[in-house]
>>> print(open('my_file-v9.cif').read())   # mmCIF, C-alpha atoms
data_input
#
loop_
_atom_site.group_PDB
_atom_site.id
_atom_site.type_symbol
_atom_site.label_atom_id
_atom_site.label_comp_id
_atom_site.auth_asym_id
_atom_site.auth_seq_id
_atom_site.Cartn_x
_atom_site.Cartn_y
_atom_site.Cartn_z
ATOM 1 C CA MET A 1 90.725 75.624 101.682
ATOM 2 C CA PRO A 2 94.077 75.442 99.811
ATOM 3 C CA ASP A 3 96.030 78.637 99.166
ATOM 4 C CA LEU A 4 95.557 80.397 95.856
ATOM 5 C CA TYR A 5 98.620 81.607 93.959
ATOM 6 C CA LEU A 6 99.174 83.784 90.911
ATOM 7 C CA VAL A 7 101.491 82.144 88.398
ATOM 8 C CA GLY A 8 103.154 83.944 85.491
ATOM 9 C CA PHE A 9 103.960 82.375 82.130
ATOM 10 C CA LYS A 10 105.784 83.376 78.989
ATOM 11 C CA GLY A 11 104.295 86.379 77.228
ATOM 12 C CA ASN A 12 103.149 88.053 80.460
ATOM 13 C CA ARG A 13 100.246 85.650 80.794
ATOM 14 C CA LYS A 14 99.074 85.185 84.396
ATOM 15 C CA GLU A 15 96.651 82.699 85.923
ATOM 16 C CA TYR A 16 95.587 81.545 89.385
ATOM 17 C CA PHE A 17 96.262 78.023 90.694
ATOM 18 C CA TYR A 18 95.456 76.262 93.957
ATOM 19 C CA ASN A 19 98.121 74.621 96.095
ATOM 20 C CA ASN A 20 95.885 71.587 96.460
ATOM 21 C CA PHE A 21 98.743 69.299 97.439
ATOM 22 C CA HIS A 22 100.039 71.684 100.123
ATOM 23 C CA HIS A 23 103.575 71.945 98.763
ATOM 24 C CA SER A 24 106.103 74.167 100.475
ATOM 25 C CA LEU A 25 106.397 76.989 97.940
ATOM 26 C CA LYS A 26 108.706 79.954 97.560
ATOM 27 C CA LEU A 27 107.773 83.064 95.602
ATOM 28 C CA TYR A 28 109.597 83.673 92.316
ATOM 29 C CA ASP A 29 110.452 79.983 91.954
ATOM 30 C CA HIS A 30 109.225 77.932 89.005
ATOM 31 C CA VAL A 31 106.334 75.529 89.582
ATOM 32 C CA ILE A 32 104.718 72.837 87.462
ATOM 33 C CA VAL A 33 100.980 73.390 87.094
ATOM 34 C CA GLN A 34 98.053 71.428 85.762
ATOM 35 C CA VAL A 35 96.612 72.728 82.503
ATOM 36 C CA ASP A 36 94.220 71.446 79.894
ATOM 37 C CA ARG A 37 95.712 68.250 78.432
ATOM 38 C CA GLY A 38 98.933 68.260 80.333
ATOM 39 C CA GLU A 39 101.434 70.251 82.377
ATOM 40 C CA ASP A 40 102.976 73.680 82.048
ATOM 41 C CA VAL A 41 105.617 75.635 83.937
ATOM 42 C CA GLY A 42 105.346 79.128 85.367
ATOM 43 C CA LEU A 43 106.811 81.510 87.908
ATOM 44 C CA LEU A 44 105.149 81.797 91.293
ATOM 45 C CA LEU A 45 104.371 85.526 91.565
ATOM 46 C CA LYS A 46 102.304 85.976 94.693
ATOM 47 C CA ARG A 47 99.947 84.383 97.146
ATOM 48 C CA ALA A 48 96.423 85.683 96.681
ATOM 49 C CA SER A 49 94.911 87.527 99.612
ATOM 50 C CA GLY A 50 91.259 88.266 100.325
ATOM 51 C CA GLY A 51 89.117 90.114 97.832
ATOM 52 C CA ILE A 52 90.093 88.117 94.745
ATOM 53 C CA THR A 53 87.082 87.711 92.450
ATOM 54 C CA LEU A 54 87.340 84.983 89.845
ATOM 55 C CA PRO A 55 84.990 84.620 86.861
ATOM 56 C CA ASP A 56 82.112 82.219 87.511
ATOM 57 C CA ASP A 57 83.224 79.933 84.697
ATOM 58 C CA PHE A 58 86.890 79.845 85.780
ATOM 59 C CA ARG A 59 88.108 76.889 87.797
ATOM 60 C CA PRO A 60 91.764 77.257 88.861
ATOM 61 C CA GLY A 61 93.955 74.225 88.270
ATOM 62 C CA SER A 62 96.458 72.794 90.726
ATOM 63 C CA ILE A 63 100.106 73.434 91.398
ATOM 64 C CA LEU A 64 101.510 69.936 90.929
ATOM 65 C CA ARG A 65 104.986 70.502 92.378
ATOM 66 C CA PRO A 66 107.869 72.947 92.634
ATOM 67 C CA ALA A 67 110.126 72.675 89.573
ATOM 68 C CA ASN A 68 113.289 70.646 90.128
ATOM 69 C CA ASP A 69 116.599 70.875 88.271
ATOM 70 C CA GLU A 70 115.427 68.461 85.589
ATOM 71 C CA ASP A 71 112.288 70.533 84.998
ATOM 72 C CA LYS A 72 114.348 73.708 84.687
ATOM 73 C CA SER A 73 116.683 72.057 82.184
ATOM 74 C CA ARG A 74 113.677 70.966 80.155
ATOM 75 C CA LEU A 75 112.343 74.515 80.197
ATOM 76 C CA GLU A 76 115.655 75.786 78.806
ATOM 77 C CA VAL A 77 115.467 73.215 76.003
ATOM 78 C CA ASN A 78 111.922 74.329 75.168
ATOM 79 C CA ARG A 79 112.952 77.970 75.001
ATOM 80 C CA ALA A 80 115.930 77.127 72.781
ATOM 81 C CA ASP A 81 113.709 75.066 70.449
ATOM 82 C CA GLU A 82 111.223 77.963 70.226
ATOM 83 C CA THR A 83 114.016 80.214 69.030
ATOM 84 C CA THR A 84 115.233 77.603 66.532
ATOM 85 C CA ALA A 85 111.713 77.116 65.166
ATOM 86 C CA TRP A 86 111.239 80.797 64.371
ATOM 87 C CA ASP A 87 113.095 80.911 61.034
ATOM 88 C CA GLN A 88 111.615 77.620 59.910
ATOM 89 C CA VAL A 89 108.045 78.702 60.618
ATOM 90 C CA GLN A 90 108.623 82.037 58.918
ATOM 91 C CA LYS A 91 109.768 80.190 55.780
ATOM 92 C CA MET A 92 106.565 78.128 55.851
ATOM 93 C CA ILE A 93 104.486 81.313 56.109
ATOM 94 C CA ASP A 94 106.342 82.784 53.130
ATOM 95 C CA LYS A 95 105.946 79.545 51.208
ATOM 96 C CA HIS A 96 102.148 79.680 51.548
ATOM 97 C CA GLN A 97 102.162 83.451 50.893
ATOM 98 C CA LEU A 98 100.115 84.162 53.990
ATOM 99 C CA ASP A 99 99.531 87.771 55.009
ATOM 100 C CA MET A 100 100.334 87.304 58.691
ATOM 101 C CA LYS A 101 103.022 88.436 61.123
ATOM 102 C CA LEU A 102 104.543 85.847 63.451
ATOM 103 C CA ILE A 103 104.732 87.272 66.980
ATOM 104 C CA ASP A 104 105.813 84.451 69.269
ATOM 105 C CA ILE A 105 106.188 80.685 69.613
ATOM 106 C CA GLU A 106 105.522 78.838 72.858
ATOM 107 C CA TYR A 107 105.917 75.183 73.746
ATOM 108 C CA GLN A 108 103.769 73.819 76.528
ATOM 109 C CA PHE A 109 106.137 72.453 79.182
ATOM 110 C CA ASP A 110 105.327 68.798 78.428
ATOM 111 C CA ARG A 111 105.506 69.545 74.658
ATOM 112 C CA ASN A 112 101.976 68.238 74.176
ATOM 113 C CA LYS A 113 101.211 71.488 72.377
ATOM 114 C CA ILE A 114 103.024 74.265 70.554
ATOM 115 C CA THR A 115 101.302 77.616 70.033
ATOM 116 C CA PHE A 116 102.116 80.112 67.292
ATOM 117 C CA PHE A 117 100.923 83.662 67.962
ATOM 118 C CA PHE A 118 100.401 85.986 65.016
ATOM 119 C CA THR A 119 98.704 89.192 63.937
ATOM 120 C CA ALA A 120 96.900 89.798 60.666
ATOM 121 C CA GLU A 121 94.747 92.517 59.172
ATOM 122 C CA HIS A 122 92.191 90.008 57.919
ATOM 123 C CA ARG A 123 91.146 86.439 58.485
ATOM 124 C CA VAL A 124 93.838 83.985 57.376
ATOM 125 C CA ASP A 125 93.253 80.549 55.855
ATOM 126 C CA PHE A 126 96.168 78.709 57.452
ATOM 127 C CA ARG A 127 94.940 75.122 57.041
ATOM 128 C CA ALA A 128 97.826 74.194 54.721
ATOM 129 C CA LEU A 129 100.275 75.804 57.146
ATOM 130 C CA VAL A 130 98.869 73.779 60.042
ATOM 131 C CA ARG A 131 99.426 70.561 58.115
ATOM 132 C CA ASP A 132 103.060 71.484 57.487
ATOM 133 C CA LEU A 133 103.576 72.444 61.120
ATOM 134 C CA ALA A 134 102.009 69.227 62.392
ATOM 135 C CA ALA A 135 104.212 67.168 60.115
ATOM 136 C CA GLU A 136 107.317 69.021 61.281
ATOM 137 C CA TYR A 137 106.723 69.235 65.036
ATOM 138 C CA LYS A 138 104.545 66.133 65.546
ATOM 139 C CA THR A 139 102.494 67.555 68.386
ATOM 140 C CA ARG A 140 99.239 69.455 68.796
ATOM 141 C CA ILE A 141 99.371 72.711 66.858
ATOM 142 C CA GLU A 142 97.570 75.906 67.801
ATOM 143 C CA LEU A 143 97.684 79.074 65.708
ATOM 144 C CA ARG A 144 96.310 81.988 67.701
ATOM 145 C CA GLN A 145 95.525 85.317 66.081
ATOM 146 C CA ILE A 146 95.944 88.203 68.519
ATOM 147 C CA GLY A 147 95.415 91.955 68.327
ATOM 148 C CA VAL A 148 98.081 94.646 68.447
ATOM 149 C CA ARG A 149 97.399 95.301 72.146
ATOM 150 C CA ASP A 150 97.884 91.623 72.915
ATOM 151 C CA GLU A 151 101.069 91.755 70.858
ATOM 152 C CA ALA A 152 102.421 94.591 72.998
ATOM 153 C CA LYS A 153 101.454 92.698 76.144
ATOM 154 C CA ARG A 154 103.152 89.526 74.959
ATOM 155 C CA ILE A 155 106.369 91.230 73.875
ATOM 156 C CA GLY A 156 106.518 93.602 76.846
ATOM 157 C CA GLY A 157 108.369 96.884 77.105
ATOM 158 C CA PHE A 158 108.197 100.315 78.689
ATOM 159 C CA GLY A 159 105.724 103.119 78.148
ATOM 160 C CA ILE A 160 106.353 106.819 77.599
ATOM 161 C CA CYS A 161 106.072 107.233 81.384
ATOM 162 C CA GLY A 162 109.239 105.159 81.803
ATOM 163 C CA LEU A 163 107.419 102.356 83.615
ATOM 164 C CA GLN A 164 106.619 98.848 82.454
ATOM 165 C CA GLN A 165 103.641 98.734 80.119
ATOM 166 C CA CYS A 166 100.403 98.383 82.071
ATOM 167 C CA CYS A 167 99.250 95.547 79.828
ATOM 168 C CA ALA A 168 102.370 93.548 80.660
ATOM 169 C CA ALA A 169 102.346 94.474 84.359
ATOM 170 C CA PHE A 170 98.792 94.059 85.631
ATOM 171 C CA LEU A 171 95.982 94.585 83.108
ATOM 172 C CA THR A 172 93.874 91.527 82.399
ATOM 173 C CA THR A 173 91.372 93.103 79.981
ATOM 174 C CA PHE A 174 91.448 95.948 77.468
ATOM 175 C CA ASP A 175 88.684 98.513 77.937
ATOM 176 C CA PRO A 176 87.452 100.534 74.944
ATOM 177 C CA ILE A 177 89.187 103.933 74.782
ATOM 178 C CA SER A 178 88.329 106.943 72.621
ATOM 179 C CA THR A 179 89.772 110.383 71.965
ATOM 180 C CA GLN A 180 86.836 111.783 73.956
ATOM 181 C CA ASP A 181 88.505 110.339 77.061
ATOM 182 C CA ALA A 182 91.530 112.513 76.308
ATOM 183 C CA ARG A 183 89.342 115.572 75.658
ATOM 184 C CA VAL A 184 87.626 115.252 79.032
ATOM 185 C CA GLN A 185 91.055 115.351 80.703
ATOM 186 C CA GLY A 186 92.268 118.299 78.640
ATOM 187 C CA LEU A 187 95.059 116.307 77.009
ATOM 188 C CA SER A 188 96.687 117.034 73.702
ATOM 189 C CA LEU A 189 95.190 115.020 70.866
ATOM 190 C CA ASN A 190 98.623 114.553 69.331
ATOM 191 C CA PRO A 191 98.759 110.781 68.600
ATOM 192 C CA ALA A 192 102.430 110.662 69.607
ATOM 193 C CA LYS A 193 101.503 111.796 73.125
ATOM 194 C CA ILE A 194 98.441 109.667 73.780
ATOM 195 C CA SER A 195 99.340 106.415 72.007
ATOM 196 C CA GLY A 196 101.145 103.419 73.431
ATOM 197 C CA ASN A 197 103.724 101.103 71.904
ATOM 198 C CA CYS A 198 100.883 99.161 70.292
ATOM 199 C CA GLY A 199 99.837 102.235 68.296
ATOM 200 C CA ARG A 200 96.474 102.395 70.073
ATOM 201 C CA LEU A 201 95.328 104.961 72.638
ATOM 202 C CA LEU A 202 97.008 104.645 76.035
ATOM 203 C CA CYS A 203 95.237 102.312 78.454
ATOM 204 C CA CYS A 204 95.966 104.772 81.291
ATOM 205 C CA LEU A 205 93.580 107.316 79.737
ATOM 206 C CA LYS A 206 90.866 105.403 81.585
ATOM 207 C CA TYR A 207 92.448 105.493 85.038
ATOM 208 C CA GLU A 208 91.455 109.035 86.095
ATOM 209 C CA LEU A 209 88.613 109.564 83.646
ATOM 210 C CA ASP A 210 85.804 109.086 86.192
ATOM 211 C CA HIS A 211 87.418 111.614 88.553
ATOM 212 C CA TYR A 212 87.786 114.203 85.785
ATOM 213 C CA ALA A 213 84.197 113.689 84.622
ATOM 214 C CA GLU A 214 82.819 113.952 88.170
ATOM 215 C CA VAL A 215 84.751 117.114 89.092
ATOM 216 C CA ARG A 216 84.014 118.697 85.720
ATOM 217 C CA LYS A 217 80.253 118.572 86.384
ATOM 218 C CA LYS A 218 80.408 121.415 88.917
ATOM 219 C CA TYR A 219 82.072 123.879 86.529
ATOM 220 C CA PRO A 220 80.673 125.958 83.666
ATOM 221 C CA GLU A 221 82.201 125.729 80.202
ATOM 222 C CA VAL A 222 85.348 127.578 79.206
ATOM 223 C CA GLY A 223 84.201 130.840 77.593
ATOM 224 C CA ASP A 224 81.033 131.215 79.701
ATOM 225 C CA ARG A 225 80.522 134.561 81.438
ATOM 226 C CA PHE A 226 80.757 134.401 85.208
ATOM 227 C CA LYS A 227 79.815 136.993 87.817
ATOM 228 C CA LYS A 228 80.448 136.837 91.573
ATOM 229 C CA ASP A 229 80.726 139.565 94.228
ATOM 230 C CA GLY A 230 80.936 142.316 91.624
ATOM 231 C CA PHE A 231 83.701 140.671 89.607
ATOM 232 C CA GLU A 232 82.660 139.724 86.087
ATOM 233 C CA GLY A 233 84.625 137.923 83.441
ATOM 234 C CA VAL A 234 84.832 134.728 81.415
ATOM 235 C CA VAL A 235 85.918 131.254 82.414
ATOM 236 C CA ASP A 236 89.505 131.150 81.162
ATOM 237 C CA ARG A 237 90.683 127.730 82.331
ATOM 238 C CA ILE A 238 89.911 124.934 84.765
ATOM 239 C CA SER A 239 92.230 122.870 86.949
ATOM 240 C CA ILE A 240 90.594 119.522 87.631
ATOM 241 C CA LEU A 241 93.353 118.126 89.849
ATOM 242 C CA ASP A 242 93.466 121.204 92.103
ATOM 243 C CA ASP A 243 89.697 121.764 91.797
ATOM 244 C CA TYR A 244 89.486 125.424 90.804
ATOM 245 C CA MET A 245 88.826 127.645 87.785
ATOM 246 C CA ILE A 246 90.245 130.982 86.687
ATOM 247 C CA ILE A 247 87.969 133.887 85.723
ATOM 248 C CA LYS A 248 89.529 136.654 83.611
ATOM 249 C CA ASN A 249 87.966 140.069 82.947
ATOM 250 C CA GLY A 250 88.516 142.503 80.075
ATOM 251 C CA GLU A 251 91.469 144.176 81.851
ATOM 252 C CA GLY A 252 93.298 140.880 82.185
ATOM 253 C CA GLU A 253 92.671 140.546 85.930
ATOM 254 C CA GLU A 254 92.210 137.019 87.154
ATOM 255 C CA VAL A 255 90.279 135.522 90.064
ATOM 256 C CA LYS A 256 90.490 131.950 91.290
ATOM 257 C CA ILE A 257 87.185 130.268 92.131
ATOM 258 C CA LEU A 258 87.342 127.014 94.077
ATOM 259 C CA GLY A 259 85.002 124.162 93.286
ATOM 260 C CA GLN A 260 83.753 124.189 96.853
ATOM 261 C CA GLU A 261 82.673 127.831 96.436
ATOM 262 C CA LEU A 262 80.584 126.868 93.422
ATOM 263 C CA LEU A 263 78.810 124.177 95.411
ATOM 264 C CA GLU A 264 78.202 126.410 98.421
ATOM 265 C CA HIS A 265 76.770 129.339 96.413
ATOM 266 C CA LYS A 266 75.137 127.398 93.591
ATOM 267 C CA ASP A 267 71.580 128.287 94.575
ATOM 268 C CA ASP A 268 71.864 131.495 96.667
ATOM 269 C CA GLY A 269 71.885 133.928 93.721
ATOM 270 C CA SER A 270 75.375 135.330 94.390
ATOM 271 C CA ILE A 271 76.768 133.604 91.293
ATOM 272 C CA THR A 272 75.581 134.326 87.762
ATOM 273 C CA ILE A 273 76.639 132.233 84.768
ATOM 274 C CA THR A 274 75.800 133.142 81.175
ATOM 275 C CA HIS A 275 76.518 130.361 78.719
ATOM 276 C CA SER A 276 78.478 131.355 75.655
ATOM 277 C CA THR A 277 77.023 130.636 72.238
ATOM 278 C CA SER A 278 80.451 130.533 70.579
ATOM 279 C CA PRO A 279 82.230 127.203 70.014
ATOM 280 C CA LYS A 280 83.929 125.958 73.180
ATOM 281 C CA ILE A 281 87.620 125.112 73.365
ATOM 282 C CA ALA A 282 88.367 122.822 76.260
ATOM 283 C CA LYS A 283 91.154 124.404 78.243
ATOM 284 C CA ILE A 284 92.058 122.408 81.307
ATOM 285 C CA GLU A 285 95.141 122.754 83.440
ATOM 286 C CA ASN A 286 96.788 119.365 83.839
ATOM 287 C CA GLU A 287 99.815 118.940 86.108
ATOM 288 C CA GLY A 288 100.955 122.524 85.564
ATOM 289 C CA ASP A 289 100.511 122.614 81.794
ATOM 290 C CA THR A 290 97.602 123.914 79.758
ATOM 291 C CA PHE A 291 96.498 122.064 76.645
ATOM 292 C CA GLU A 292 94.112 123.231 73.974
#
>>> encode(input="my_file-v9.cif", output="structure tokens")
Amino acid sequence: MPDLYLVGFKGNRKEYFYNNFHHSLKLYDHVIVQVDRGEDVGLLLKRASGGITLPDDFRPGSILRPANDEDKSRLEVNRADETTAWDQVQKMIDKHQLDMKLIDIEYQFDRNKITFFFTAEHRVDFRALVRDLAAEYKTRIELRQIGVRDEAKRIGGFGICGLQQCCAAFLTTFDPISTQDARVQGLSLNPAKISGNCGRLLCCLKYELDHYAEVRKKYPEVGDRFKKDGFEGVVDRISILDDYMIIKNGEGEEVKILGQELLEHKDDGSITITHSTSPKIAKIENEGDTFE
């Protein structure tokens, strides 16, 4: 079985290819790969180890050869021509008065195809534009409408955490995300704090969501009355990461109750919980801060 490699392309696109011809390959070197209707060039990122699951309908192509000096020179020409084409294509878009935003231009390595990536609020009739582009560039033309998350992935950048955007680094799909995911984790609903560069909710809101939801099941709601070993008060706040809650009585005294204690005494009658009928305000300690 030939080795499987992950190859990266322009716009943070990544695909797997087999080394069917058993070339001697070096990571982070350019390679020429087989694609639909021709050849493309990418950067060899890593050799795939065990546990890689590929979609049933995906058949990896082949790595044809390591890129030589001539191939690298051709790649530089392609990149330069993409930059040169930008202003010209933008003028064509303005000429046809199309409500679309040009995001990127990419030549296939063998120049058998040129792809124009764009975003638009609505469906765009770009048939006249395609005719102009085909006449100008005399190759196969593809106009691909992408979403704002795909735009952020293609452009790249850094998130509010200071690290490379997840979409550009390793994400292959975009899961649905809602503000409820932030509520479960006790995060501020301030859009500036929970939105990414794309303007949509942060992809990382999904990463710890299952853990928060699972731990949260063992605790009562904030505001519920709680009684244990003679101490009675209300649930003041919950720390999911450290797995405890704070009970506060009328005199302002506080007691910490661990999640393990709740599980151990859940059914022995030593704990009494009275659910509050007033509206609940989620108050969860998160990394030392409390958000409401």
>>> residues_around(input="my_file-v9.cif", residues="stretch 150-166 of chain A", least_positions_apart="6", cutoff="6 Å", atoms="all atoms listed in the file", output="count of residues only")
3
>>> resolve_selection(input="my_file-v9.cif", expression="the PyMOL selection byres ((chain A and resi 181) around 10)", output="ChimeraX atom specification")
/A:177-180,182-187,201,205-206,208-210,212-213
>>> write_last_selection(input="my_file-v9.cif", atoms="C-alpha atoms", output="mmCIF file, in the coordinates of the input")
data_model
loop_
_atom_site.group_PDB
_atom_site.id
_atom_site.type_symbol
_atom_site.label_atom_id
_atom_site.label_comp_id
_atom_site.auth_asym_id
_atom_site.auth_seq_id
_atom_site.Cartn_x
_atom_site.Cartn_y
_atom_site.Cartn_z
ATOM 1 C CA ILE A 177 89.187 103.933 74.782
ATOM 2 C CA SER A 178 88.329 106.943 72.621
ATOM 3 C CA THR A 179 89.772 110.383 71.965
ATOM 4 C CA GLN A 180 86.836 111.783 73.956
ATOM 5 C CA ALA A 182 91.530 112.513 76.308
ATOM 6 C CA ARG A 183 89.342 115.572 75.658
ATOM 7 C CA VAL A 184 87.626 115.252 79.032
ATOM 8 C CA GLN A 185 91.055 115.351 80.703
ATOM 9 C CA GLY A 186 92.268 118.299 78.640
ATOM 10 C CA LEU A 187 95.059 116.307 77.009
ATOM 11 C CA LEU A 201 95.328 104.961 72.638
ATOM 12 C CA LEU A 205 93.580 107.316 79.737
ATOM 13 C CA LYS A 206 90.866 105.403 81.585
ATOM 14 C CA GLU A 208 91.455 109.035 86.095
ATOM 15 C CA LEU A 209 88.613 109.564 83.646
ATOM 16 C CA ASP A 210 85.804 109.086 86.192
ATOM 17 C CA TYR A 212 87.786 114.203 85.785
ATOM 18 C CA ALA A 213 84.197 113.689 84.622
#
>>> closest_residue(input="my_file-v9.cif", among="A:Asp81, A:Asp125, A:Glu142, A:Asp175", to="A:Leu98", atoms="only C-alpha atoms")
A:Asp125
>>> atom_distance(input="my_file-v9.cif", atom1="atom CA of A:Arg47", atom2="atom CA of A:Cys204")
26.1 Å
>>> atom_distance(input="my_file-v9.cif", atom1="atom CA of A:Val255", atom2="atom CA of A:His275")
18.6 Å
>>> closest_residue(input="my_file-v9.cif", among="A:Leu202, A:Ile93, A:Ala67, A:Ile273", to="A:Leu129", atoms="all atoms listed in the file")
A:Ile93
>>> atom_distance(input="my_file-v9.cif", atom1="atom CA of A:Gln88", atom2="atom CA of A:Phe116")
12.3 Å
>>> resolve_selection(input="my_file-v9.cif", expression="the PyMOL selection byres ((chain A and resi 112) around 10)", output="PyMOL selection string")
chain A and resi 37-40+107-111+113-114+138-141
>>> write_last_selection(input="my_file-v9.cif", atoms="C-alpha atoms", output="PDB file, in the frame of the given file")
ATOM      1  CA  ARG A  37      95.712  68.250  78.432  1.00  0.00           C
ATOM      2  CA  GLY A  38      98.933  68.260  80.333  1.00  0.00           C
ATOM      3  CA  GLU A  39     101.434  70.251  82.377  1.00  0.00           C
ATOM      4  CA  ASP A  40     102.976  73.680  82.048  1.00  0.00           C
ATOM      5  CA  TYR A 107     105.917  75.183  73.746  1.00  0.00           C
ATOM      6  CA  GLN A 108     103.769  73.819  76.528  1.00  0.00           C
ATOM      7  CA  PHE A 109     106.137  72.453  79.182  1.00  0.00           C
ATOM      8  CA  ASP A 110     105.327  68.798  78.428  1.00  0.00           C
ATOM      9  CA  ARG A 111     105.506  69.545  74.658  1.00  0.00           C
ATOM     10  CA  LYS A 113     101.211  71.488  72.377  1.00  0.00           C
ATOM     11  CA  ILE A 114     103.024  74.265  70.554  1.00  0.00           C
ATOM     12  CA  LYS A 138     104.545  66.133  65.546  1.00  0.00           C
ATOM     13  CA  THR A 139     102.494  67.555  68.386  1.00  0.00           C
ATOM     14  CA  ARG A 140      99.239  69.455  68.796  1.00  0.00           C
ATOM     15  CA  ILE A 141      99.371  72.711  66.858  1.00  0.00           C
TER      16      ILE A 141
END
>>> resolve_selection(input="my_file-v9.cif", expression="the PyMOL selection byres ((chain A and resi 270) around 12)", output="VMD selection string")
chain A and resid 226 to 232 261 to 269 271 to 273
>>> write_last_selection(input="my_file-v9.cif", atoms="C-alpha atoms", output="CSV table (one decimal), keeping the file's coordinate frame")
chain,number,residue,atom,x,y,z
A,226,PHE,CA,80.8,134.4,85.2
A,227,LYS,CA,79.8,137.0,87.8
A,228,LYS,CA,80.4,136.8,91.6
A,229,ASP,CA,80.7,139.6,94.2
A,230,GLY,CA,80.9,142.3,91.6
A,231,PHE,CA,83.7,140.7,89.6
A,232,GLU,CA,82.7,139.7,86.1
A,261,GLU,CA,82.7,127.8,96.4
A,262,LEU,CA,80.6,126.9,93.4
A,263,LEU,CA,78.8,124.2,95.4
A,264,GLU,CA,78.2,126.4,98.4
A,265,HIS,CA,76.8,129.3,96.4
A,266,LYS,CA,75.1,127.4,93.6
A,267,ASP,CA,71.6,128.3,94.6
A,268,ASP,CA,71.9,131.5,96.7
A,269,GLY,CA,71.9,133.9,93.7
A,271,ILE,CA,76.8,133.6,91.3
A,272,THR,CA,75.6,134.3,87.8
A,273,ILE,CA,76.6,132.2,84.8
>>> closest_residue(input="my_file-v9.cif", among="A:Arg65, A:Arg149, A:His96, A:Arg237", to="A:Phe126", atoms="only C-alpha atoms")
A:His96
>>> residues_around(input="my_file-v9.cif", residues="A:Arg225", least_positions_apart="4", cutoff="12 Å", atoms="only C-alpha atoms", output="list in words")
Tyr219, Pro220, Glu221, Phe231, Glu232, Gly233, Val234, Val235, Asp236, Ile246, Ile247, Lys248, Asn249, Gly250, Ile271, Thr272, Ile273, Thr274, His275, Ser276, Thr277 and Ser278 of chain A
>>> residues_around(input="my_file-v9.cif", residues="A:Val7", least_positions_apart="2", cutoff="8 Å", atoms="all atoms listed in the file", output="list in words")
Tyr5, Phe9, Lys14, Glu15, Tyr16, Phe17, Gly42, Leu43, Leu44, Leu45 and Lys46 of chain A
>>> write_last_selection(input="my_file-v9.cif", atoms="C-alpha atoms", output="PDB file, in the frame of the given file")
ATOM      1  CA  TYR A   5      98.620  81.607  93.959  1.00  0.00           C
ATOM      2  CA  PHE A   9     103.960  82.375  82.130  1.00  0.00           C
ATOM      3  CA  LYS A  14      99.074  85.185  84.396  1.00  0.00           C
ATOM      4  CA  GLU A  15      96.651  82.699  85.923  1.00  0.00           C
ATOM      5  CA  TYR A  16      95.587  81.545  89.385  1.00  0.00           C
ATOM      6  CA  PHE A  17      96.262  78.023  90.694  1.00  0.00           C
ATOM      7  CA  GLY A  42     105.346  79.128  85.367  1.00  0.00           C
ATOM      8  CA  LEU A  43     106.811  81.510  87.908  1.00  0.00           C
ATOM      9  CA  LEU A  44     105.149  81.797  91.293  1.00  0.00           C
ATOM     10  CA  LEU A  45     104.371  85.526  91.565  1.00  0.00           C
ATOM     11  CA  LYS A  46     102.304  85.976  94.693  1.00  0.00           C
TER      12      LYS A  46
END
>>> residues_near_point(input="my_file-v9.cif", point="(91.0, 125.9, 92.6)", cutoff="9 Å", atoms="only C-alpha atoms", output="VMD selection string")
chain A and resid 238 to 246 256 to 260
>>> closest_residue(input="my_file-v9.cif", among="A:Ala120, A:Leu171, A:Ile63, A:Ala128", to="A:Lys95", atoms="all atoms listed in the file")
A:Ala128
>>> closest_residue(input="my_file-v9.cif", among="A:Val215, A:Leu64, A:Cys203, A:Leu133", to="A:Thr172", atoms="all atoms listed in the file")
A:Cys203
>>> closest_residue(input="my_file-v9.cif", among="A:Asp57, A:Asp36, A:Glu76, A:Asp3", to="A:His22", atoms="all atoms listed in the file")
A:Asp3
>>> residues_around(input="my_file-v9.cif", residues="A:Thr115", least_positions_apart="3", cutoff="6 Å", atoms="all atoms listed in the file", output="short mmCIF file (atom, residue, chain, number, x, y, z; two decimals) with C-alpha atoms, in the frame of the given file")
data_model
loop_
_atom_site.label_atom_id
_atom_site.label_comp_id
_atom_site.auth_asym_id
_atom_site.auth_seq_id
_atom_site.Cartn_x
_atom_site.Cartn_y
_atom_site.Cartn_z
CA ILE A 105 106.19 80.68 69.61
CA GLU A 106 105.52 78.84 72.86
CA GLU A 142 97.57 75.91 67.80
CA LEU A 143 97.68 79.07 65.71
#
>>> decode(input="my_file-v9.cif", residues="stretch 39-45 of chain A", atoms="N, CA and C atoms", output="compact mmCIF listing (two decimals), in the first residue's frame")
# COMPACT_ATOMS: atom_id res chain seq x y z
N GLU A 39 -2.90 18.86 -13.69
CA GLU A 39 -1.92 18.80 -12.61
C GLU A 39 -2.00 20.08 -11.77
N ASP A 40 -1.70 19.92 -10.50
CA ASP A 40 -1.64 21.08 -9.61
C ASP A 40 -0.41 20.94 -8.73
N VAL A 41 -0.06 22.00 -8.03
CA VAL A 41 1.12 22.00 -7.18
C VAL A 41 0.72 22.34 -5.75
N GLY A 42 1.32 21.64 -4.80
CA GLY A 42 1.02 21.90 -3.40
C GLY A 42 2.23 21.63 -2.53
N LEU A 43 2.08 21.92 -1.26
CA LEU A 43 3.16 21.75 -0.29
C LEU A 43 2.92 20.49 0.51
N LEU A 44 3.92 19.64 0.58
CA LEU A 44 3.80 18.38 1.31
C LEU A 44 3.82 18.67 2.81
N LEU A 45 2.70 18.47 3.49
CA LEU A 45 2.57 18.87 4.89
C LEU A 45 2.91 17.76 5.87
